[in-house]
$ cat run.txt   # compact mmCIF, C-alpha atoms
# COMPACT_ATOMS: atom_id res chain seq x y z
CA MET A 1 -31.71 -85.25 -14.98
CA ILE A 2 -29.13 -86.92 -12.76
CA ARG A 3 -26.29 -86.11 -15.20
CA SER A 4 -27.43 -82.45 -15.45
CA SER A 5 -27.42 -82.03 -11.64
CA THR A 6 -23.93 -83.50 -11.39
CA TRP A 7 -22.50 -81.00 -13.87
CA THR A 8 -24.24 -78.15 -12.03
CA VAL A 9 -22.86 -79.03 -8.58
CA ALA A 10 -19.27 -79.60 -9.68
CA PRO A 11 -18.47 -75.98 -10.60
CA LEU A 12 -19.97 -74.82 -7.30
CA LEU A 13 -17.69 -77.16 -5.35
CA LEU A 14 -14.66 -75.83 -7.22
CA VAL A 15 -15.63 -72.24 -6.42
CA LEU A 16 -16.07 -73.02 -2.74
CA LEU A 17 -12.72 -74.80 -2.56
CA ALA A 18 -10.99 -71.87 -4.28
CA CYS A 19 -12.53 -69.38 -1.82
CA LYS A 20 -11.51 -71.53 1.12
CA GLY A 21 -7.98 -71.85 -0.18
CA GLY A 22 -7.76 -68.11 -0.77
CA SER A 23 -8.88 -67.38 2.77
CA ARG A 24 -6.28 -69.73 4.17
CA ALA A 25 -3.53 -68.11 2.11
CA GLU A 26 -4.50 -64.64 3.28
CA GLY A 27 -4.58 -65.82 6.86
CA THR A 28 -1.12 -67.35 6.54
CA ALA A 29 0.34 -64.17 5.08
CA ALA A 30 -1.15 -61.89 7.71
CA ALA A 31 1.04 -61.01 10.70
CA PRO A 32 -0.22 -62.36 14.02
CA ALA A 33 -2.03 -59.80 16.19
CA SER A 34 0.07 -58.26 18.95
CA THR A 35 -0.75 -59.31 22.47
CA THR A 36 1.07 -56.32 23.98
CA ALA A 37 -1.15 -53.46 25.16
CA PRO A 38 -0.29 -50.04 23.61
CA ARG A 39 1.79 -47.69 25.76
CA ALA A 40 -0.26 -45.02 27.48
CA GLU A 41 0.29 -41.54 26.06
CA SER A 42 1.77 -39.07 28.55
CA LYS A 43 0.11 -35.71 29.21
CA ALA A 44 2.97 -33.90 27.46
CA GLU A 45 2.71 -36.16 24.40
CA SER A 46 -1.04 -35.70 24.29
CA ALA A 47 -0.66 -31.93 24.48
CA ASP A 48 2.01 -31.96 21.75
CA ARG A 49 -0.25 -34.03 19.50
CA ALA A 50 -3.05 -31.52 20.02
CA ALA A 51 -0.67 -28.65 19.28
CA GLY A 52 0.41 -30.26 16.02
CA ALA A 53 -3.22 -30.73 15.02
CA ALA A 54 -3.95 -27.11 15.90
CA VAL A 55 -1.68 -25.59 13.27
CA PRO A 56 -3.71 -22.75 11.72
CA ALA A 57 -5.66 -23.90 8.69
CA SER A 58 -4.97 -22.68 5.18
CA SER A 59 -6.78 -19.78 3.57
CA SER A 60 -9.40 -22.18 2.26
CA SER A 61 -10.88 -22.55 5.76
CA LYS A 62 -14.09 -20.72 6.53
CA GLY A 63 -13.35 -17.14 7.56
CA ALA A 64 -9.62 -17.40 6.86
CA ALA A 65 -9.90 -16.09 3.29
CA LEU A 66 -10.92 -12.62 4.50
CA ALA A 67 -8.37 -9.83 4.14
CA LEU A 68 -7.26 -9.46 7.76
CA THR A 69 -3.99 -8.30 9.31
CA VAL A 70 -2.52 -8.89 12.76
CA ILE A 71 -0.73 -5.88 14.24
CA GLU A 72 1.28 -7.33 17.10
CA GLY A 73 2.07 -5.23 20.13
CA ARG A 74 3.62 -6.10 23.48
CA SER A 75 4.33 -9.79 24.01
CA GLY A 76 6.48 -11.99 26.23
CA LEU A 77 6.76 -13.78 29.55
CA GLU A 78 6.07 -11.71 32.64
CA ASP A 79 7.37 -12.18 36.18
CA THR A 80 3.89 -13.37 37.16
CA GLY A 81 4.55 -16.62 35.27
CA PHE A 82 2.15 -15.82 32.45
CA LEU A 83 2.72 -15.30 28.74
CA HIS A 84 1.00 -12.20 27.34
CA ILE A 85 0.49 -11.50 23.62
CA ILE A 86 -1.33 -8.26 22.84
CA GLY A 87 -2.24 -6.93 19.42
CA GLU A 88 -4.94 -5.82 17.01
CA ILE A 89 -6.85 -7.50 14.19
CA ARG A 90 -7.34 -5.06 11.32
CA ASN A 91 -10.26 -5.41 8.92
CA ASP A 92 -8.74 -4.86 5.47
CA THR A 93 -11.93 -5.87 3.67
CA SER A 94 -14.53 -3.51 2.21
CA LYS A 95 -17.26 -4.87 4.53
CA TRP A 96 -17.93 -5.33 8.22
CA ILE A 97 -16.63 -8.40 10.04
CA GLU A 98 -17.80 -10.10 13.22
CA SER A 99 -16.26 -12.35 15.89
CA PRO A 100 -12.62 -11.60 15.00
CA LYS A 101 -9.99 -13.75 16.70
CA VAL A 102 -6.45 -15.01 16.28
CA ALA A 103 -5.29 -18.62 16.25
CA VAL A 104 -2.25 -18.84 18.54
CA LEU A 105 0.46 -21.44 17.95
CA LEU A 106 3.37 -21.59 20.41
CA PHE A 107 6.84 -22.95 19.57
CA ASP A 108 9.89 -24.07 21.54
CA ALA A 109 13.50 -23.10 20.75
CA GLN A 110 13.70 -25.83 18.08
CA GLY A 111 10.60 -24.52 16.29
CA LYS A 112 8.42 -27.44 17.37
CA PRO A 113 4.79 -26.69 18.33
CA ILE A 114 4.24 -26.71 22.08
CA GLY A 115 1.25 -28.50 23.52
CA VAL A 116 -0.93 -26.75 26.08
CA ASP A 117 -2.59 -28.61 28.94
CA SER A 118 -6.03 -27.04 28.60
CA ILE A 119 -9.64 -27.99 27.92
CA ALA A 120 -9.32 -26.69 24.36
CA ALA A 121 -6.24 -28.85 23.72
CA ALA A 122 -7.89 -31.90 25.26
CA GLU A 123 -10.81 -31.47 22.86
CA GLY A 124 -8.52 -31.12 19.85
CA PHE A 125 -8.88 -27.36 19.43
CA GLY A 126 -6.02 -24.92 19.24
CA GLU A 127 -5.40 -21.89 21.39
CA THR A 128 -7.23 -18.71 20.38
CA ALA A 129 -7.54 -15.11 21.52
CA LEU A 130 -10.88 -13.43 20.87
CA GLY A 131 -11.08 -9.90 19.57
CA MET A 132 -12.52 -7.52 22.14
CA ARG A 133 -14.88 -5.92 19.59
CA HIS A 134 -17.68 -8.11 18.26
CA ASN A 135 -18.28 -6.09 15.07
CA VAL A 136 -15.57 -4.20 13.18
CA PRO A 137 -16.12 -1.78 10.26
CA PRO A 138 -13.79 -1.72 7.22
CA GLY A 139 -10.37 -0.26 7.98
CA GLU A 140 -10.76 -0.46 11.77
CA THR A 141 -9.20 -2.78 14.32
CA SER A 142 -10.17 -4.96 17.26
CA PRO A 143 -7.70 -5.37 20.14
CA PHE A 144 -6.98 -8.83 21.55
CA HIS A 145 -5.11 -9.98 24.63
CA TYR A 146 -3.89 -13.60 24.91
CA ILE A 147 -2.82 -14.85 28.35
CA ARG A 148 -1.40 -18.32 29.11
CA ASP A 149 0.03 -19.81 32.32
CA ILE A 150 3.45 -21.17 31.27
CA LYS A 151 3.07 -24.02 33.77
CA LYS A 152 0.45 -25.39 31.38
CA LEU A 153 3.00 -25.65 28.54
CA ALA A 154 4.64 -28.98 27.70
CA ARG A 155 8.02 -27.28 27.07
CA PRO A 156 9.60 -23.82 27.45
CA TYR A 157 8.15 -21.17 25.13
CA ALA A 158 10.40 -19.42 22.60
CA SER A 159 8.18 -17.92 19.87
CA HIS A 160 4.67 -17.86 18.46
CA LYS A 161 2.59 -17.49 15.31
CA LEU A 162 -0.71 -15.65 14.99
CA GLU A 163 -3.31 -16.10 12.25
CA PRO A 164 -6.41 -13.85 12.13
CA ARG A 165 -9.92 -15.18 11.58
CA ALA A 166 -13.35 -13.54 11.29
CA PHE A 167 -16.71 -13.86 9.56
CA PRO A 168 -18.44 -11.45 7.17
CA ALA A 169 -21.10 -9.30 8.81
CA ASP A 170 -23.29 -6.27 8.26
CA SER A 171 -23.58 -3.12 10.34
CA SER A 172 -26.79 -4.15 12.12
CA PHE A 173 -25.13 -4.23 15.54
CA ASN A 174 -22.98 -1.21 16.18
CA ALA A 175 -22.05 0.98 19.13
CA THR A 176 -20.10 4.22 19.38
CA VAL A 177 -18.61 6.28 22.21
CA ALA A 178 -18.88 9.92 23.17
CA ASP A 179 -17.63 12.27 25.89
CA VAL A 180 -14.54 10.12 26.50
CA LYS A 181 -12.30 11.41 29.26
CA THR A 182 -9.04 10.07 30.66
CA ASP A 183 -8.00 11.09 34.17
CA LYS A 184 -4.41 10.49 35.28
CA GLU A 185 -3.41 10.21 38.92
CA THR A 186 0.00 9.62 40.45
CA ILE A 187 0.26 7.80 43.77
CA GLY A 188 3.82 7.62 45.01
CA LYS A 189 5.83 6.85 41.89
CA THR A 190 3.04 5.03 40.07
CA GLU A 191 0.72 6.65 37.53
CA TYR A 192 -2.85 5.39 37.03
CA TRP A 193 -5.27 6.06 34.17
CA ARG A 194 -9.07 6.07 34.51
CA THR A 195 -11.34 6.26 31.46
CA THR A 196 -14.97 7.37 31.47
CA GLY A 197 -17.51 8.25 28.80
CA THR A 198 -20.76 7.21 27.15
CA VAL A 199 -21.59 4.20 24.97
CA LYS A 200 -24.30 4.77 22.36
CA ASN A 201 -26.26 2.16 20.38
CA ALA A 202 -25.92 3.15 16.73
CA GLY A 203 -27.61 0.04 15.31
CA LYS A 204 -30.34 -2.50 16.08
CA PRO A 205 -31.24 -3.55 19.65
CA CYS A 206 -28.20 -5.41 21.00
CA SER A 207 -26.70 -6.88 24.16
CA SER A 208 -23.70 -6.42 26.48
CA PRO A 209 -22.86 -2.76 25.80
CA GLU A 210 -19.38 -1.73 26.90
CA ALA A 211 -16.36 0.30 25.90
CA VAL A 212 -13.20 -1.34 24.56
CA ILE A 213 -9.98 0.47 25.42
CA ALA A 214 -6.47 0.08 23.99
CA PHE A 215 -3.37 1.72 25.45
CA TYR A 216 -0.38 2.61 23.24
CA ASP A 217 3.23 3.56 23.97
CA ALA A 218 5.08 6.47 22.40
CA SER A 219 5.89 4.43 19.27
CA GLY A 220 2.20 3.66 18.69
CA LYS A 221 2.47 0.01 19.77
CA ILE A 222 -0.45 -1.43 21.70
CA VAL A 223 0.74 -2.43 25.18
CA ASP A 224 -2.41 -3.04 27.27
CA THR A 225 -6.20 -3.37 27.04
CA ARG A 226 -9.26 -2.88 29.22
CA THR A 227 -13.05 -2.77 29.01
CA GLY A 228 -15.20 0.04 30.32
CA LEU A 229 -18.27 -1.49 31.92
CA THR A 230 -21.81 -0.18 32.07
CA GLU A 231 -24.56 -1.13 34.52
CA TRP A 232 -26.80 -2.65 31.83
CA ASP A 233 -28.18 -6.14 32.39
CA VAL A 234 -26.64 -8.26 29.59
CA LYS A 235 -29.77 -10.45 29.44
CA ASN A 236 -31.89 -7.55 28.24
CA GLU A 237 -32.00 -5.97 24.81
CA TRP A 238 -30.36 -2.58 24.72
CA PRO A 239 -32.67 -0.44 22.57
CA ALA A 240 -31.60 1.29 19.38
CA GLY A 241 -30.43 4.82 20.15
CA GLY A 242 -29.76 3.93 23.78
CA SER A 243 -27.03 5.71 25.73
CA LEU A 244 -25.18 4.48 28.84
CA PRO A 245 -22.23 5.79 30.86
CA PHE A 246 -19.14 3.59 31.26
CA LYS A 247 -16.03 3.67 33.41
CA THR A 248 -12.88 1.73 34.18
CA GLY A 249 -11.08 1.19 37.43
CA PRO A 250 -7.55 2.58 37.83
CA VAL A 251 -5.18 1.10 35.24
CA GLU A 252 -1.53 1.11 36.30
CA ASN A 253 0.70 2.72 33.69
CA LYS A 254 3.51 0.19 33.91
CA TRP A 255 4.08 -0.10 30.15
CA GLY A 256 4.67 3.54 29.26
CA PHE A 257 1.21 4.63 28.13
CA ALA A 258 1.37 7.62 25.82
CA SER A 259 -2.15 7.49 24.37
CA SER A 260 -5.34 5.44 24.33
CA LYS A 261 -8.21 4.69 21.98
CA VAL A 262 -11.80 3.82 22.88
CA TRP A 263 -14.52 2.04 20.89
CA GLY A 264 -18.14 1.24 21.69
CA ASP A 265 -19.23 -2.38 21.48
CA CYS A 266 -22.32 -4.57 21.72
CA HIS A 267 -23.50 -7.73 19.99
CA GLU A 268 -26.53 -9.69 18.90
CA PRO A 269 -28.85 -10.45 21.86
CA TYR A 270 -28.67 -13.96 23.33
$ encode --input "run.txt" --output "structure tokens"
Amino acid sequence: MIRSSTWTVAPLLLVLLACKGGSRAEGTAAAPASTTAPRAESKAESADRAAGAAVPASSSSKGAALALTVIEGRSGLEDTGFLHIIGEIRNDTSKWIESPKVAVLLFDAQGKPIGVDSIAAAEGFGETALGMRHNVPPGETSPFHYIRDIKKLARPYASHKLEPRAFPADSSFNATVADVKTDKETIGKTEYWRTTGTVKNAGKPCSSPEAVIAFYDASGKIVDTRTGLTEWDVKNEWPAGGSLPFKTGPVENKWGFASSKVWGDCHEPY
């Protein structure tokens, strides 16, 4: 019995010594840990990192595989210190879409993504511009209007990229317009447009009824947007078949309005 125990313990001792030796060798080969604290990331570097991470996803992302087109209109820096990018998202699918939007990526003169000092950037999300219509039938468009204070940009803006996104939907929530009228008034040398009409609920009970208005120049390019508000309480359900008047305030025609288009809009109740 004594001889049997001796032969049993010996291999165990060899295994333990081998493990101990291996650990020591690994520890010797490993580089010593740095005692220097990492450099704090500047706000501009943090914003640039977020911008790089916010590059629009590929067509495999949810919603990105839909057949959508961006029709860009007026864009550029204005003397107010804000960047404006206006356009339309066209539904090229055979079905309705909902919640259309564009991912907005800004670039400097060298083509490098520009970080934006914003809550969205701080949380790792990219810049977006929401479509003004919540539900869009096949072949129709939803205007969007992106606005950004250039003081929030890490570097001077030079160009941008837009990628449309949306989700499939049905026609359950739908609104139309009727009796649309545009009044034009000139005060001094400035022309103003006012739009009035009626929004009608053509679908299920919905919320936040309003009119969405796009203004176009003589070439057919979208140059400005507005909403025509109603007096409906957005917390209530607007009944199917409901009808409400809408109106806009005076809209200054500073971009050469030649025509306008109006859509009704509402969305699923909260």
$ closest_residue --input "run.txt" --among "A:Glu98, A:Glu163, A:Asp265, A:Asp92" --to "A:Val70" --atoms "all atoms listed in the file"
A:Glu163
$ atom_distance --input "run.txt" --atom1 "atom CA of A:Val177" --atom2 "atom CA of A:Thr195"
11.8 Å
$ residues_around --input "run.txt" --residues "stretch 180-185 of chain A" --least-positions-apart "4" --cutoff "9 Å" --atoms "only C-alpha atoms" --output "NGL selection string"
:A and (190-198 or 250 or 260 or 262)
$ atom_distance --input "run.txt" --atom1 "atom CA of A:Thr128" --atom2 "atom CA of A:Phe215"
21.4 Å
$ residues_near_point --input "run.txt" --point "(4.6, 3.3, 23.6)" --cutoff "10 Å" --atoms "all atoms listed in the file" --output "PyMOL selection string"
chain A and resi 73-74+215-223+255-259
$ write_last_selection --input "run.txt" --atoms "C-alpha atoms" --output "PDB file, keeping the file's coordinate frame"
ATOM      1  CA  GLY A  73       2.070  -5.230  20.130  1.00  0.00           C
ATOM      2  CA  ARG A  74       3.620  -6.100  23.480  1.00  0.00           C
ATOM      3  CA  PHE A 215      -3.370   1.720  25.450  1.00  0.00           C
ATOM      4  CA  TYR A 216      -0.380   2.610  23.240  1.00  0.00           C
ATOM      5  CA  ASP A 217       3.230   3.560  23.970  1.00  0.00           C
ATOM      6  CA  ALA A 218       5.080   6.470  22.400  1.00  0.00           C
ATOM      7  CA  SER A 219       5.890   4.430  19.270  1.00  0.00           C
ATOM      8  CA  GLY A 220       2.200   3.660  18.690  1.00  0.00           C
ATOM      9  CA  LYS A 221       2.470   0.010  19.770  1.00  0.00           C
ATOM     10  CA  ILE A 222      -0.450  -1.430  21.700  1.00  0.00           C
ATOM     11  CA  VAL A 223       0.740  -2.430  25.180  1.00  0.00           C
ATOM     12  CA  TRP A 255       4.080  -0.100  30.150  1.00  0.00           C
ATOM     13  CA  GLY A 256       4.670   3.540  29.260  1.00  0.00           C
ATOM     14  CA  PHE A 257       1.210   4.630  28.130  1.00  0.00           C
ATOM     15  CA  ALA A 258       1.370   7.620  25.820  1.00  0.00           C
ATOM     16  CA  SER A 259      -2.150   7.490  24.370  1.00  0.00           C
TER      17      SER A 259
END
$ residues_around --input "run.txt" --residues "A:Phe107" --least-positions-apart "4" --cutoff "9 Å" --atoms "all atoms listed in the file" --output "ChimeraX atom specification"
/A:111-115,155-161
$ atom_distance --input "run.txt" --atom1 "atom CA of A:Asp170" --atom2 "atom CA of A:Gly203"
10.4 Å
$ closest_residue --input "run.txt" --among "A:Pro269, A:Pro209, A:Pro143, A:Pro137" --to "A:Pro245" --atoms "all atoms listed in the file"
A:Pro209
$ axis_aligned_box --input "run.txt" --around "stretch 250-266 of chain A" --padding-each-side "5 Å" --output "lines of an AutoDock Vina configuration file"
center_x = -8.8
center_y = 1.5
center_z = 29.4
size_x = 37.0
size_y = 22.2
size_z = 26.9
$ residues_around --input "run.txt" --residues "A:Val136" --least-positions-apart "2" --cutoff "10 Å" --atoms "only C-alpha atoms" --output "ChimeraX atom specification"
/A:89-91,95-100,131,133-134,138-142,166,168-171,173-174,263,265
$ closest_residue --input "run.txt" --among "A:Asn236, A:Ser172, A:Thr227, A:Ser243" --to "A:Lys200" --atoms "only C-alpha atoms"
A:Ser243
$ closest_residue --input "run.txt" --among "A:Ala240, A:Gly87, A:Glu72, A:Ala103" --to "A:Lys204" --atoms "all atoms listed in the file"
A:Ala240
$ decode --input "run.txt" --residues "stretch 89-116 of chain A" --atoms "N, CA and C atoms" --output "PDB file, in the first residue's frame"
ATOM      1  N   ILE A  89     -37.883  62.155 -49.082  1.00  0.00           N
ATOM      2  CA  ILE A  89     -37.644  60.714 -49.095  1.00  0.00           C
ATOM      3  C   ILE A  89     -38.773  60.093 -49.915  1.00  0.00           C
ATOM      4  N   ARG A  90     -38.418  59.470 -51.029  1.00  0.00           N
ATOM      5  CA  ARG A  90     -39.444  58.880 -51.892  1.00  0.00           C
ATOM      6  C   ARG A  90     -39.569  57.391 -51.630  1.00  0.00           C
ATOM      7  N   ASN A  91     -40.814  56.950 -51.499  1.00  0.00           N
ATOM      8  CA  ASN A  91     -41.119  55.534 -51.283  1.00  0.00           C
ATOM      9  C   ASN A  91     -41.207  54.841 -52.644  1.00  0.00           C
ATOM     10  N   ASP A  92     -40.152  54.116 -53.011  1.00  0.00           N
ATOM     11  CA  ASP A  92     -40.119  53.405 -54.285  1.00  0.00           C
ATOM     12  C   ASP A  92     -40.557  51.951 -54.147  1.00  0.00           C
ATOM     13  N   THR A  93     -41.105  51.592 -52.985  1.00  0.00           N
ATOM     14  CA  THR A  93     -41.592  50.234 -52.793  1.00  0.00           C
ATOM     15  C   THR A  93     -43.036  50.135 -53.289  1.00  0.00           C
ATOM     16  N   SER A  94     -43.582  48.932 -53.218  1.00  0.00           N
ATOM     17  CA  SER A  94     -44.975  48.713 -53.630  1.00  0.00           C
ATOM     18  C   SER A  94     -45.927  48.761 -52.436  1.00  0.00           C
ATOM     19  N   LYS A  95     -45.386  49.075 -51.231  1.00  0.00           N
ATOM     20  CA  LYS A  95     -46.204  49.117 -50.028  1.00  0.00           C
ATOM     21  C   LYS A  95     -45.977  50.415 -49.264  1.00  0.00           C
ATOM     22  N   TRP A  96     -46.814  50.655 -48.294  1.00  0.00           N
ATOM     23  CA  TRP A  96     -46.671  51.833 -47.443  1.00  0.00           C
ATOM     24  C   TRP A  96     -45.410  51.697 -46.575  1.00  0.00           C
ATOM     25  N   ILE A  97     -44.867  52.850 -46.184  1.00  0.00           N
ATOM     26  CA  ILE A  97     -43.772  52.888 -45.221  1.00  0.00           C
ATOM     27  C   ILE A  97     -44.162  53.824 -44.083  1.00  0.00           C
ATOM     28  N   GLU A  98     -43.469  53.671 -42.941  1.00  0.00           N
ATOM     29  CA  GLU A  98     -43.709  54.556 -41.815  1.00  0.00           C
ATOM     30  C   GLU A  98     -42.379  55.017 -41.219  1.00  0.00           C
ATOM     31  N   SER A  99     -42.434  56.131 -40.510  1.00  0.00           N
ATOM     32  CA  SER A  99     -41.274  56.711 -39.832  1.00  0.00           C
ATOM     33  C   SER A  99     -40.071  56.874 -40.753  1.00  0.00           C
ATOM     34  N   PRO A 100     -40.244  57.478 -41.936  1.00  0.00           N
ATOM     35  CA  PRO A 100     -39.078  57.684 -42.799  1.00  0.00           C
ATOM     36  C   PRO A 100     -38.130  58.721 -42.188  1.00  0.00           C
ATOM     37  N   LYS A 101     -36.849  58.555 -42.457  1.00  0.00           N
ATOM     38  CA  LYS A 101     -35.842  59.502 -41.989  1.00  0.00           C
ATOM     39  C   LYS A 101     -34.588  59.346 -42.833  1.00  0.00           C
ATOM     40  N   VAL A 102     -33.666  60.285 -42.693  1.00  0.00           N
ATOM     41  CA  VAL A 102     -32.375  60.168 -43.360  1.00  0.00           C
ATOM     42  C   VAL A 102     -31.271  60.220 -42.314  1.00  0.00           C
ATOM     43  N   ALA A 103     -30.280  59.328 -42.467  1.00  0.00           N
ATOM     44  CA  ALA A 103     -29.063  59.418 -41.674  1.00  0.00           C
ATOM     45  C   ALA A 103     -28.192  60.483 -42.328  1.00  0.00           C
ATOM     46  N   VAL A 104     -27.675  61.406 -41.523  1.00  0.00           N
ATOM     47  CA  VAL A 104     -26.897  62.537 -42.038  1.00  0.00           C
ATOM     48  C   VAL A 104     -25.460  62.402 -41.553  1.00  0.00           C
ATOM     49  N   LEU A 105     -24.521  62.333 -42.500  1.00  0.00           N
ATOM     50  CA  LEU A 105     -23.102  62.282 -42.167  1.00  0.00           C
ATOM     51  C   LEU A 105     -22.419  63.491 -42.789  1.00  0.00           C
ATOM     52  N   LEU A 106     -21.756  64.288 -41.961  1.00  0.00           N
ATOM     53  CA  LEU A 106     -21.097  65.510 -42.409  1.00  0.00           C
ATOM     54  C   LEU A 106     -19.600  65.260 -42.597  1.00  0.00           C
ATOM     55  N   PHE A 107     -18.997  65.932 -43.587  1.00  0.00           N
ATOM     56  CA  PHE A 107     -17.582  65.767 -43.893  1.00  0.00           C
ATOM     57  C   PHE A 107     -16.880  67.120 -43.955  1.00  0.00           C
ATOM     58  N   ASP A 108     -15.566  67.107 -43.659  1.00  0.00           N
ATOM     59  CA  ASP A 108     -14.765  68.319 -43.837  1.00  0.00           C
ATOM     60  C   ASP A 108     -14.183  68.321 -45.252  1.00  0.00           C
ATOM     61  N   ALA A 109     -13.310  69.298 -45.534  1.00  0.00           N
ATOM     62  CA  ALA A 109     -12.760  69.441 -46.886  1.00  0.00           C
ATOM     63  C   ALA A 109     -11.886  68.264 -47.292  1.00  0.00           C
ATOM     64  N   GLN A 110     -11.355  67.513 -46.322  1.00  0.00           N
ATOM     65  CA  GLN A 110     -10.525  66.344 -46.619  1.00  0.00           C
ATOM     66  C   GLN A 110     -11.345  65.055 -46.717  1.00  0.00           C
ATOM     67  N   GLY A 111     -12.663  65.175 -46.572  1.00  0.00           N
ATOM     68  CA  GLY A 111     -13.516  63.994 -46.668  1.00  0.00           C
ATOM     69  C   GLY A 111     -13.605  63.186 -45.395  1.00  0.00           C
ATOM     70  N   LYS A 112     -13.146  63.752 -44.278  1.00  0.00           N
ATOM     71  CA  LYS A 112     -13.186  63.054 -43.002  1.00  0.00           C
ATOM     72  C   LYS A 112     -14.489  63.372 -42.282  1.00  0.00           C
ATOM     73  N   PRO A 113     -15.153  62.365 -41.688  1.00  0.00           N
ATOM     74  CA  PRO A 113     -16.406  62.637 -40.965  1.00  0.00           C
ATOM     75  C   PRO A 113     -16.199  63.656 -39.856  1.00  0.00           C
ATOM     76  N   ILE A 114     -17.159  64.550 -39.718  1.00  0.00           N
ATOM     77  CA  ILE A 114     -17.097  65.592 -38.703  1.00  0.00           C
ATOM     78  C   ILE A 114     -17.946  65.190 -37.513  1.00  0.00           C
ATOM     79  N   GLY A 115     -17.381  65.274 -36.336  1.00  0.00           N
ATOM     80  CA  GLY A 115     -18.143  65.009 -35.129  1.00  0.00           C
ATOM     81  C   GLY A 115     -19.059  66.178 -34.798  1.00  0.00           C
ATOM     82  N   VAL A 116     -20.160  65.867 -34.139  1.00  0.00           N
ATOM     83  CA  VAL A 116     -21.130  66.873 -33.722  1.00  0.00           C
ATOM     84  C   VAL A 116     -21.276  66.810 -32.210  1.00  0.00           C
TER      85      VAL A 116
END
